[in-house]
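Single-structure report; data block below.
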There are 2 protein chains.
Amino acid sequence: MESSRKGRTSPTITDVAELAGVSRAIASRALSHESRPVSADKRARVLEAAEKLGFKPNLLARSLTTKTVNLIAVIVNHIHDFSDLDLFDFLIGEIQSIGKQVIFVRVGSVQRAEEFLRNGVAYHVDAALVFSDFAAAADVRKMFRNAAVLMLNGMHDGTSPSVVPNEVIGITEAVADAAGKGVATAAMVTGRISSPVEQSRIATYKSEMKRHGIRLVAELRGDYSYASGRQMAQSSGWTDVDAVFCTSDAMAMGVMDVHREAFPHNKPARFRLYGFDNLSLTDFEAYPISSIGYDKKAYVGEILRFLTRTGEVAGDRVDVTVPTFFVSRATS
Amino acid sequence: MESSRKGRTSPTITDVAELAGVSRAIASRALSHESRPVSADKRARVLEAAEKLGFKPNLLARSLTTKTVNLIAVIVNHIHDFSDLDLFDFLIGEIQSIGKQVIFVRVGSVQRAEEFLRNGVAYHVDAALVFSDFAAAADVRKMFRNAAVLMLNGMHDGTSPSVVPNEVIGITEAVADAAGKGVATAAMVTGRISSPVEQSRIATYKSEMKRHGIRLVAELRGDYSYASGRQMAQSSGWTDVDAVFCTSDAMAMGVMDVHREAFPHNKPARFRLYGFDNLSLTDFEAYPISSIGYDKKAYVGEILRFLTRTGEVAGDRVDVTVPTFFVSRATS
DNA sequence: CTGTTAGCGCGTTCAC
DNA sequence: GTGAACGCGCTAACAG
């Protein structure tokens, strides 16, 4: 049968070609964004026909031959953390601005993540941005058909490119700030020790404290959350120190709420408090916590550079780094 | 040429059929989830071959004939608001639990939203969950190929189904709480007046205040954000009242920070403060704001019911409602 | 520059 | 039960 279907299905390129009186290939070229050879005459007729029919190409069908869907997968553990909020809104907007859309995948339970990923459409994306640390780079790569995998979780194996904030800079500044104010003893409130990012973060704090002669008196293990910050602050392991370094702002907020009396008029009376993440929440009057942040524009800029890089100029800039910096607020 | 491709492309069903020594149709049936007629013998061979090759069907190609991709679009204005954080993590997890994945679309500038949507893969999703209020239901429907559109932004036209929290309940309780505590005058800090949700919210507050004989002394217009809450609290329009009703918790937090001295030991001394959203942040010690919330499990449950409904049992339950409730905390 | 042909990978008739 | 053949919508490759 000829194409003129009556059904309520949307018009295809065949309908357009038919109406314009040209072959499908010509219609395809005329409608292509790239300039392919078509006579001005026919091009006009095709465009007119397409307009008249309200034709929209089926991107899924197109991907079958072009091997590209303009879809980016964003893989996260979850989006409970406040720090996510600051970042993802901006990131999604930027990705959309280059004509791609985002499949948001929450790995959560981590368990059958691989099976889950390989059985979903996310398996077919052009690129995957991996914030979650549910698997090593090599394993993650297997979970995407032909996708370019960018590791943003601090893990990298030299094959998959990565972008990570260089936390050494900010931590160095923060500890130096404390030392300059006469801090001699300190406690740390840490997050998930299983995370490699957290491990190197802690190591950096320790070596910087050592360099400045600050004695680490206690190390309390939380899980980055506000609740765990409160819990640590009330625990038996809590001791008197000159400063408390938390590896997340949320935990620092919990600590601050438990020890409100230690910050009369928001000034530190008993100990100085340092957070991490530079949440926008720390601009709230109730939580003026000194923190460590990084330039999100620069960070997302690197991610976009990865997504828009032409062809395989890999090898080049495998592991990219973005500087962090210390932000001094009332609590220090 | 026979199929045995050497390229690094992933195995197709043709490869599986070849290895199993059966036709492609048989392989397709054997691999189908639904029970189609295949001899046990061949079925076993096919499954074994698929396993050996690590075959994964191309979901994009499949969608070409099945007209379903198991993709859900979630359309938002942006994800700046803290209230989003509480909801989306849960929502995405639930959607994934029924075997579907999520395309997250941030409409943002609202301008060429239609063009943007129709030119992206999101156009081809199975269903769209519309939190953004960038367009009316009828217009939104045109932006998705064959998708079922669920309006979650308070807009509905009787054709597209919707789920909305019934805010009247919570507001009624909140105003009654104030009246019971002797509140006689009040101010309102509102959000984007252009939103129909906001308009009806304000109207409900007003009628409830009227019923209880509470006089509305001032109406300040913010934008839901913490910053705008601070701004309103410092503006010239600010006056002495017995209670302040804010249409978002974030604004209430801003108000509270500007008037900290009005809440010694977190108890209201000069005026009572009511928020809206019941953010998890209001469980923080620094912002114990009485608020209005709703059962997110019930809300997401209704959304899932929509996504999993069998075929077109439409007409049935077009506009669904979820009750809100008042949560009393220290500020009231 | 043009039109025809041959796929992309998969599901589904429809005869056998 | 089986397999050949066709269609989904589109584009790359190849002749003209």
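Quick note on naming: the chains in the structure tokens go A, B, ... in the order shown, residues restart at 1 in each chain, and ligands are numbered from 1 in order of appearance.
Those residues of chain A that fall within 10 Å of chain D when using only C-alpha atoms (C1' of nucleotides) read Thr12, Ile13, Thr14, Arg24, Ala25, Ser28, Arg29, Pro57, Asn58, Leu59, Leu60, Ala61, Arg62, Ser63, Leu64, Thr65 and Thr66 of chain A.
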Please produce a file of those selected residues containing C-alpha atoms, as a PDB file, in the first residue's frame.
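result_29.pdb, written as the output of this step:
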ATOM      1  CA  THR A  12       6.455  10.341   8.889  1.00  0.00           C
ATOM      2  CA  ILE A  13       9.110  11.465   6.514  1.00  0.00           C
ATOM      3  CA  THR A  14       7.433   9.288   3.891  1.00  0.00           C
ATOM      4  CA  ARG A  24      12.387   9.962   1.060  1.00  0.00           C
ATOM      5  CA  ALA A  25      16.111  10.427   0.891  1.00  0.00           C
ATOM      6  CA  SER A  28      15.656  13.449   4.789  1.00  0.00           C
ATOM      7  CA  ARG A  29      18.451  15.618   3.463  1.00  0.00           C
ATOM      8  CA  PRO A  57      11.220  13.242  13.023  1.00  0.00           C
ATOM      9  CA  ASN A  58      11.175  10.157  15.186  1.00  0.00           C
ATOM     10  CA  LEU A  59      14.399  10.587  17.104  1.00  0.00           C
ATOM     11  CA  LEU A  60      14.333   7.023  18.287  1.00  0.00           C
ATOM     12  CA  ALA A  61      14.203   5.674  14.752  1.00  0.00           C
ATOM     13  CA  ARG A  62      16.908   8.057  13.714  1.00  0.00           C
ATOM     14  CA  SER A  63      19.179   6.822  16.462  1.00  0.00           C
ATOM     15  CA  LEU A  64      18.984   3.371  14.933  1.00  0.00           C
ATOM     16  CA  THR A  65      21.215   4.448  12.089  1.00  0.00           C
ATOM     17  CA  THR A  66      23.049   7.430  13.488  1.00  0.00           C
TER      18      THR A  66
END
- Message: With DSSP run on the backbone, what are the strand (DSSP E) residues within segment 80-187 of chain A? I'd like them as a PyMOL selection string.
- Response: chain A and resi 101-106+127-130+148-151+162-166+185-187
- Message: I need the alpha helix (DSSP H) residues of segment 197-237 of chain B per DSSP on the backbone, written as a PyMOL selection string.
- Response: chain B and resi 197-211+226-234
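The space between atom CA of Ile92 of chain A and atom CA of Ser200 of chain A spans 28.6 Å.
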- Query: Do you know which residues are at most 9 Å from Lys297 of chain A counting only C-alpha atoms (C1' of nucleotides), after dropping those on the same chain fewer than 4 positions away, and could you put them as a list of chain:residue names?
  - Reply: A:Phe90, A:Gly301, A:Glu302
Under the rule of at most 8 Å, produce a per-residue listing of segment 145-241 of chain B near segment 263-287 of chain B: chain, number, name, the closest pair of atoms, and the distance in Å, as a tab-separated table, using only C-alpha atoms.
residue	atom	partner	partner_atom	distance
B:Ala174	CA	B:Tyr274	CA	7.6
B:Ala178	CA	B:Arg272	CA	7.9
B:Val241	CA	B:Phe271	CA	6.4
Could you dump the residues just selected with N, CA and C atoms as a PDB file, in the first residue's frame?
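Final file, selection_4.pdb:
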ATOM      1  N   ALA B 174      -4.430  25.263  59.978  1.00  0.00           N
ATOM      2  CA  ALA B 174      -3.416  26.240  60.396  1.00  0.00           C
ATOM      3  C   ALA B 174      -4.076  27.520  60.909  1.00  0.00           C
ATOM      4  N   ALA B 178      -4.178  29.245  64.709  1.00  0.00           N
ATOM      5  CA  ALA B 178      -3.874  30.640  65.040  1.00  0.00           C
ATOM      6  C   ALA B 178      -5.036  31.277  65.806  1.00  0.00           C
ATOM      7  N   VAL B 241       1.987  42.404  63.631  1.00  0.00           N
ATOM      8  CA  VAL B 241       0.780  41.578  63.575  1.00  0.00           C
ATOM      9  C   VAL B 241       0.932  40.429  64.565  1.00  0.00           C
TER      10      VAL B 241
END
- Please determine the contact residues of chain C with respect to chain B at a cut-off of 10 Å, counting only C-alpha atoms (C1' of nucleotides), and supply them as a PyMOL selection string. chain C and resi 8-12
Let me see the file: selected residues, N, CA and C atoms (P, O5', C5', C4', C3', O3' and C1' of nucleotides), as a compact mmCIF listing (two decimals), in the first residue's frame.
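Saved as part-v4.txt:
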# COMPACT_ATOMS: atom_id res chain seq x y z
P DC C 8 22.32 -4.23 9.19
O5' DC C 8 21.82 -3.10 10.19
C5' DC C 8 22.61 -1.96 10.47
C4' DC C 8 21.85 -1.07 11.43
C3' DC C 8 21.13 -1.86 12.52
O3' DC C 8 21.93 -1.84 13.69
C1' DC C 8 19.71 -0.18 11.52
P DG C 9 22.37 -3.21 14.36
O5' DG C 9 21.04 -3.69 15.08
C5' DG C 9 20.56 -2.96 16.19
C4' DG C 9 19.16 -3.44 16.52
C3' DG C 9 19.05 -4.93 16.77
O3' DG C 9 18.56 -5.13 18.07
C1' DG C 9 17.34 -4.17 15.32
P DC C 10 18.09 -6.47 18.64
O5' DC C 10 16.53 -6.42 18.33
C5' DC C 10 15.74 -5.45 19.00
C4' DC C 10 14.35 -5.45 18.45
C3' DC C 10 13.59 -6.77 18.67
O3' DC C 10 12.60 -6.56 19.66
C1' DC C 10 13.24 -5.85 16.49
P DG C 11 11.75 -7.75 20.22
O5' DG C 11 10.40 -7.64 19.38
C5' DG C 11 9.59 -6.51 19.62
C4' DG C 11 8.40 -6.52 18.67
C3' DG C 11 7.47 -7.72 18.85
O3' DG C 11 6.16 -7.23 18.87
C1' DG C 11 8.21 -7.59 16.59
P DT C 12 4.95 -8.19 19.22
O5' DT C 12 4.24 -8.46 17.83
C5' DT C 12 4.17 -7.40 16.88
C4' DT C 12 3.79 -7.96 15.52
C3' DT C 12 2.82 -9.16 15.57
O3' DT C 12 1.81 -8.90 14.62
C1' DT C 12 4.66 -9.64 14.19
- Message: Using only C-alpha atoms, I'd like every residue of chain A that has an atom within 9 Å of chain B; please write them out as number ranges by chain.
- Response: A: 9-10, 56-61, 63-64, 69-71, 73, 78-82, 84-86, 88-90, 92-93, 96, 99-108, 116, 118-124, 145-146, 226-227, 253-254, 257-258, 284-287
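Here atom CA of Gln111 of chain B is placed at a distance of 20.7 Å from atom CA of Gly191 of chain B.
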- Selection near Val300 of chain A, 9 Å with only C-alpha atoms (C1' of nucleotides), sequence-local residues under 4 positions removed, as a list in words: Leu87, Phe90, Leu91, Glu94, Asp295, Lys296, Leu304 and Arg305 of chain A
Can I get the selection written as a JSON list (two decimals), in the first residue's frame, with C-alpha atoms?
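Just written: result_12.json:
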[["chain", "number", "residue", "atom", "x", "y", "z"],
["A", 87, "LEU", "CA", 24.63, 21.40, 41.33],
["A", 90, "PHE", "CA", 22.61, 24.04, 36.81],
["A", 91, "LEU", "CA", 24.03, 20.90, 35.21],
["A", 94, "GLU", "CA", 23.60, 23.36, 30.66],
["A", 295, "ASP", "CA", 33.56, 26.78, 41.33],
["A", 296, "LYS", "CA", 30.50, 25.00, 39.99],
["A", 304, "LEU", "CA", 30.30, 20.03, 29.02],
["A", 305, "ARG", "CA", 33.67, 20.05, 27.36]]
